[in-house]
Protein chains: 2
Amino acid sequence: MTLAPPPAARVGDSLASVATPSLMIDLDAFDANLAAMTAFAARHGVALRPHAKAHKSSEIAKRQVEAGAVGVCCQKLSEAYPFAAAGIASIHVSNEFVGADKLAMAVELAAHVRLSVCVDALPQVLALGIAAARAGVTIDVLPEVDAGQHRCGVTSEDALLALVDGIAAQNALRFAGIQAYHGGIQHVADWNARKTAAGHAAEIAASYVRALDARGVRCGIVTGGGTGTVEFDAASGVYTEVQPGSYLFMDGDYGGLGWGGELRWRHSLFVLSTVMSATRPGMAVCDVGLKGLAVDSGLPRSALWLDGSAEPALTYIAANDEHGMLQAQGMPEEIFTALVGERLRLPPGHCDPTVNLYDQYVCYRGERVADIWPIDARGLSR
Amino acid sequence: MTLAPPPAARVGDSLASVATPSLMIDLDAFDANLAAMTAFAARHGVALRPHAKAHKSSEIAKRQVEAGAVGVCCQKLSEAYPFAAAGIASIHVSNEFVGADKLAMAVELAAHVRLSVCVDALPQVLALGIAAARAGVTIDVLPEVDAGQHRCGVTSEDALLALVDGIAAQNALRFAGIQAYHGGIQHVADWNARKTAAGHAAEIAASYVRALDARGVRCGIVTGGGTGTVEFDAASGVYTEVQPGSYLFMDGDYGGLGWGGELRWRHSLFVLSTVMSATRPGMAVCDVGLKGLAVDSGLPRSALWLDGSAEPALTYIAANDEHGMLQAQGMPEEIFTALVGERLRLPPGHCDPTVNLYDQYVCYRGERVADIWPIDARGLSR
């Protein structure tokens, strides 16, 4: 028996017939964001290596590389597979890993793409060097330095130099530079405060580069930065490569920041939802909750009507598993029950984990579905 | 080119070789929970219709029905498909829905299983009746009444009676009873307070049943309740059917409640994780963050060692996308860097949305992988 849910949408469908919940990309906004970041990186002479953890889609990665990106970042080794399979030739795994299963993935990937990875401890270097040599592959290694986030990364120049020596001792590994990423400062709301914080992180990175220089070690790549700090990182003279991801989509969190510089981003990512119950004055219930919207960085800040009306008629106030609670502002009581069946666009508070809940993007231009892109790295967290 | 991540685990593997992150089921605890709820419902003479939104796996649903469940609940129509395809013969969609795509799924499902659904407005009844008649299927309908949650459900006896009349006017629909579910009270921490709240909800349900009786309408089924209130619902004399889901797994939220009655549940669900960085005294970083753990109901309350040690050595204090921050308590500094590669079991704060992040359960007994169960309804939120 073939019994499976019908497709949520087909190319050419009108938006009004797309099944909900669906994760939607407004291609006009998406294209504008893609072009703006590509041009920005080129203008500042930094390599653009967008973070694929944000979109988890090889269709999007291909478009980024076609536009001028040098490759992509992945956060996990398993996440890199669909991008490697789709022909993305250069992948940086911007994270540490340990264990036999991870080493097996790293050497398999390195047989297909130019692979670089992060380390922050000598045992990781030794294990990777042995595995790569045994597999007959070469892997670029970028030690991570703690740029102030106090998460991963070495915390001293001595520790970095020990890693560089460890890498040099492994024939199958190549020291390619360092990673200096500070996730926390991406989300500093005030533009000037974010600029200052990014400057501190860049100065930490620069001090590590100087320590390497003093030892005669050339640091080819300094990679890091995200959507929130990319304009400061690109202008810092320290970073040679930037890793923004969310710029393609934006989300409630990034959308709420101050943007005082030359960069502006459009919201291109929405969850399309339907009001499915409204039995009580002032409240309605839509069909998207925790399983269709990540809420770690807040709820959708408003419920925009599909027609693009600027004034949200409903505010999303609580997420249950599969229910979204909507509060009406100044809406006559008699209108209320008529809301059932109305459709709304919800901008996620945090794009990355929201994307990770869906298997596909329904891409649209104007009022028509223009493309369906698989989220082929969805769930690949190993 | 076939390039895909290797399987996370195979049956017979030792737990030490399972790739992380993986979602794990301790089958001894799982079996105990399954048996306890089945016996409890039988003892109290209520039908057990477990909620499949908690586990999203037809393998688990089959085991529940084999043990004595009358069928399962689903929260969405698309979610019901894998269960219907796996031969679960009776499915209740415990939720309202609107739109042509939803009606098409309802009538397709009803051609394969005994399907019941919820409604709380007349237009839903009319649309469903027309669609079912056109497709030549019959659908059981259970109007939802608001049992105090103020989410979905009718709020007056008149509204309920209007729905019952509306259902009676449709040849393809059958009035089967009512649903009275209050999600909020499932999580009241104090056992006596929860008992009182469940009593209020049951009394609301009873008043609707009396209103139907007074009109000569027999209310066959009163369905509702969850893991938090099932013992009160089963004893209420009002509910004929209970819908618990989380009892199979437990989670940080339910585990933190008071359990003053006859029911006790074991934690059977864990995310297996590996420490992948520890460069700073007192802190370590593991490989599970927001994309492997739902945090809407709090972080994992502790990081248990895989060896089952009762005293957690590390506390999970923050989730980034793919990083979990762990704080050490009273651990000598020199031990710290040696933590890299250590594996830990994280009990999710909220099981339902955590399950929705994974494609399979790695089931184990003792120290061996005993089974792999697909989470075949993962992501099916339409």
# chains A, B, ... in the order shown; residues from 1 in each chain; ligands from 1
>>> residues_around(residues="Gly255 in chain A", least_positions_apart="4", cutoff="9 Å", atoms="only C-alpha atoms", output="list in words")
Met250, Asp251, Trp259, Trp265, Arg266, His267 and Gly349 of chain A
>>> write_last_selection(atoms="all heavy atoms", output="mmCIF file, in the first residue's frame")
data_model
loop_
_atom_site.group_PDB
_atom_site.id
_atom_site.type_symbol
_atom_site.label_atom_id
_atom_site.label_comp_id
_atom_site.auth_asym_id
_atom_site.auth_seq_id
_atom_site.Cartn_x
_atom_site.Cartn_y
_atom_site.Cartn_z
ATOM 1 N N MET A 250 17.390 36.167 7.309
ATOM 2 C CA MET A 250 17.061 36.988 8.477
ATOM 3 C C MET A 250 16.081 36.224 9.361
ATOM 4 O O MET A 250 15.525 35.213 8.985
ATOM 5 C CB MET A 250 16.491 38.352 8.084
ATOM 6 C CG MET A 250 17.512 39.223 7.398
ATOM 7 S SD MET A 250 19.041 39.380 8.393
ATOM 8 C CE MET A 250 18.482 40.484 9.675
ATOM 9 N N ASP A 251 15.921 36.749 10.569
ATOM 10 C CA ASP A 251 14.953 36.167 11.494
ATOM 11 C C ASP A 251 14.612 37.218 12.529
ATOM 12 O O ASP A 251 15.124 38.348 12.474
ATOM 13 C CB ASP A 251 15.484 34.861 12.115
ATOM 14 C CG ASP A 251 16.829 35.004 12.839
ATOM 15 O OD1 ASP A 251 17.149 36.120 13.316
ATOM 16 O OD2 ASP A 251 17.544 33.998 12.926
ATOM 17 N N TRP A 259 21.133 48.164 12.612
ATOM 18 C CA TRP A 259 21.984 48.006 11.434
ATOM 19 C C TRP A 259 22.408 49.402 10.987
ATOM 20 O O TRP A 259 21.736 50.039 10.190
ATOM 21 C CB TRP A 259 21.238 47.261 10.317
ATOM 22 C CG TRP A 259 20.967 45.838 10.691
ATOM 23 C CD1 TRP A 259 19.841 45.334 11.294
ATOM 24 C CD2 TRP A 259 21.855 44.722 10.544
ATOM 25 N NE1 TRP A 259 19.972 43.991 11.525
ATOM 26 C CE2 TRP A 259 21.201 43.585 11.067
ATOM 27 C CE3 TRP A 259 23.140 44.575 10.021
ATOM 28 C CZ2 TRP A 259 21.798 42.319 11.090
ATOM 29 C CZ3 TRP A 259 23.719 43.308 10.035
ATOM 30 C CH2 TRP A 259 23.054 42.204 10.563
ATOM 31 N N TRP A 265 19.315 43.832 5.362
ATOM 32 C CA TRP A 265 18.852 42.510 4.920
ATOM 33 C C TRP A 265 17.337 42.464 4.903
ATOM 34 O O TRP A 265 16.679 43.111 5.713
ATOM 35 C CB TRP A 265 19.405 41.412 5.854
ATOM 36 C CG TRP A 265 20.867 41.526 6.044
ATOM 37 C CD1 TRP A 265 21.525 41.935 7.165
ATOM 38 C CD2 TRP A 265 21.876 41.289 5.059
ATOM 39 N NE1 TRP A 265 22.877 41.954 6.949
ATOM 40 C CE2 TRP A 265 23.119 41.559 5.663
ATOM 41 C CE3 TRP A 265 21.849 40.866 3.734
ATOM 42 C CZ2 TRP A 265 24.331 41.428 4.984
ATOM 43 C CZ3 TRP A 265 23.055 40.734 3.055
ATOM 44 C CH2 TRP A 265 24.273 41.012 3.682
ATOM 45 N N ARG A 266 16.820 41.691 4.003
ATOM 46 C CA ARG A 266 15.360 41.547 3.923
ATOM 47 C C ARG A 266 14.931 40.206 4.514
ATOM 48 O O ARG A 266 15.648 39.209 4.395
ATOM 49 C CB ARG A 266 14.919 41.637 2.454
ATOM 50 C CG ARG A 266 15.106 43.022 1.866
ATOM 51 C CD ARG A 266 14.871 43.037 0.372
ATOM 52 N NE ARG A 266 13.504 42.635 0.006
ATOM 53 C CZ ARG A 266 13.070 42.568 -1.256
ATOM 54 N NH1 ARG A 266 13.884 42.872 -2.266
ATOM 55 N NH2 ARG A 266 11.828 42.202 -1.524
ATOM 56 N N HIS A 267 13.781 40.170 5.133
ATOM 57 C CA HIS A 267 13.223 38.901 5.604
ATOM 58 C C HIS A 267 12.771 38.091 4.400
ATOM 59 O O HIS A 267 11.876 38.509 3.663
ATOM 60 C CB HIS A 267 12.047 39.140 6.539
ATOM 61 C CG HIS A 267 12.452 39.558 7.910
ATOM 62 N ND1 HIS A 267 12.835 38.664 8.882
ATOM 63 C CD2 HIS A 267 12.567 40.786 8.475
ATOM 64 C CE1 HIS A 267 13.159 39.318 9.990
ATOM 65 N NE2 HIS A 267 13.012 40.606 9.773
ATOM 66 N N GLY A 349 11.643 33.400 14.927
ATOM 67 C CA GLY A 349 12.561 34.093 15.818
ATOM 68 C C GLY A 349 14.011 33.712 15.546
ATOM 69 O O GLY A 349 14.915 34.528 15.691
#
>>> interface_residues(of="chain A", to="chain B", cutoff="8 Å", atoms="only C-alpha atoms", output="ChimeraX atom specification")
/A:1-6,17,19-21,75,78,81-82,84-85,96-99,101-102,105,120-121,150-155,274,276-280,284-285,287-288,290-292,295-296,321-322,325,340-341,352-353,356-359,379,381-382
>>> select_by_dssp(residues="range 141-173 of chain A", states="strand (DSSP E or B)", output="list in words")
Val141, Leu142, Pro143, Glu144, Val145, Val154 and Leu173 of chain A
>>> select_by_dssp(residues="range 34-83 of chain A", states="helix (DSSP H, G or I)", output="ChimeraX atom specification")
/A:34-44,58-67,77-83
>>> residues_around(residues="Thr229 in chain B", least_positions_apart="3", cutoff="10 Å", atoms="only C-alpha atoms", output="NGL selection string")
:B and (182-183 or 185-188 or 191 or 194-195 or 197-199 or 224-226 or 232-234 or 242 or 244)
>>> residues_around(residues="Cys73 in chain B", least_positions_apart="2", cutoff="8 Å", atoms="only C-alpha atoms", output="JSON list (two decimals) with N, CA, C and O atoms, in the first residue's frame")
[["chain", "number", "residue", "atom", "x", "y", "z"],
["B", 49, "ARG", "N", -5.89, 5.19, 24.26],
["B", 49, "ARG", "CA", -5.56, 5.59, 22.90],
["B", 49, "ARG", "C", -4.35, 6.53, 22.99],
["B", 49, "ARG", "O", -4.48, 7.76, 23.03],
["B", 50, "PRO", "N", -3.15, 5.96, 23.04],
["B", 50, "PRO", "CA", -1.96, 6.78, 23.30],
["B", 50, "PRO", "C", -1.75, 7.81, 22.20],
["B", 50, "PRO", "O", -2.11, 7.59, 21.04],
["B", 51, "HIS", "N", -1.15, 8.92, 22.60],
["B", 51, "HIS", "CA", -0.91, 9.97, 21.61],
["B", 51, "HIS", "C", 0.40, 9.72, 20.88],
["B", 51, "HIS", "O", 1.48, 9.75, 21.47],
["B", 52, "ALA", "N", 0.28, 9.49, 19.57],
["B", 52, "ALA", "CA", 1.46, 9.18, 18.74],
["B", 52, "ALA", "C", 2.29, 10.40, 18.42],
["B", 52, "ALA", "O", 3.40, 10.27, 17.90],
["B", 53, "LYS", "N", 1.78, 11.60, 18.72],
["B", 53, "LYS", "CA", 2.60, 12.80, 18.51],
["B", 53, "LYS", "C", 3.84, 12.77, 19.39],
["B", 53, "LYS", "O", 4.83, 13.42, 19.10],
["B", 71, "GLY", "N", -6.09, 2.04, 19.60],
["B", 71, "GLY", "CA", -5.63, 2.76, 18.41],
["B", 71, "GLY", "C", -4.72, 3.86, 18.91],
["B", 71, "GLY", "O", -4.24, 3.79, 20.05],
["B", 75, "GLN", "N", -1.91, 14.30, 16.01],
["B", 75, "GLN", "CA", -2.28, 15.71, 16.15],
["B", 75, "GLN", "C", -2.53, 16.36, 14.79],
["B", 75, "GLN", "O", -3.19, 17.39, 14.73],
["B", 91, "ILE", "N", -7.54, 5.56, 14.13],
["B", 91, "ILE", "CA", -6.75, 6.77, 14.39],
["B", 91, "ILE", "C", -7.68, 7.94, 14.67],
["B", 91, "ILE", "O", -8.60, 8.21, 13.90],
["B", 92, "HIS", "N", -7.40, 8.62, 15.75],
["B", 92, "HIS", "CA", -8.14, 9.83, 16.11],
["B", 92, "HIS", "C", -7.23, 11.04, 15.92],
["B", 92, "HIS", "O", -6.16, 11.11, 16.54],
["B", 93, "VAL", "N", -7.64, 11.96, 15.06],
["B", 93, "VAL", "CA", -6.91, 13.22, 14.90],
["B", 93, "VAL", "C", -7.50, 14.20, 15.91],
["B", 93, "VAL", "O", -8.61, 14.70, 15.73],
["B", 94, "SER", "N", -6.74, 14.45, 16.96],
["B", 94, "SER", "CA", -7.25, 15.17, 18.13],
["B", 94, "SER", "C", -7.12, 16.67, 17.96],
["B", 94, "SER", "O", -6.66, 17.37, 18.88],
["B", 243, "GLN", "N", -5.63, 9.67, 26.50],
["B", 243, "GLN", "CA", -4.72, 9.95, 25.38],
["B", 243, "GLN", "C", -3.27, 10.20, 25.81],
["B", 243, "GLN", "O", -2.59, 11.04, 25.22]]
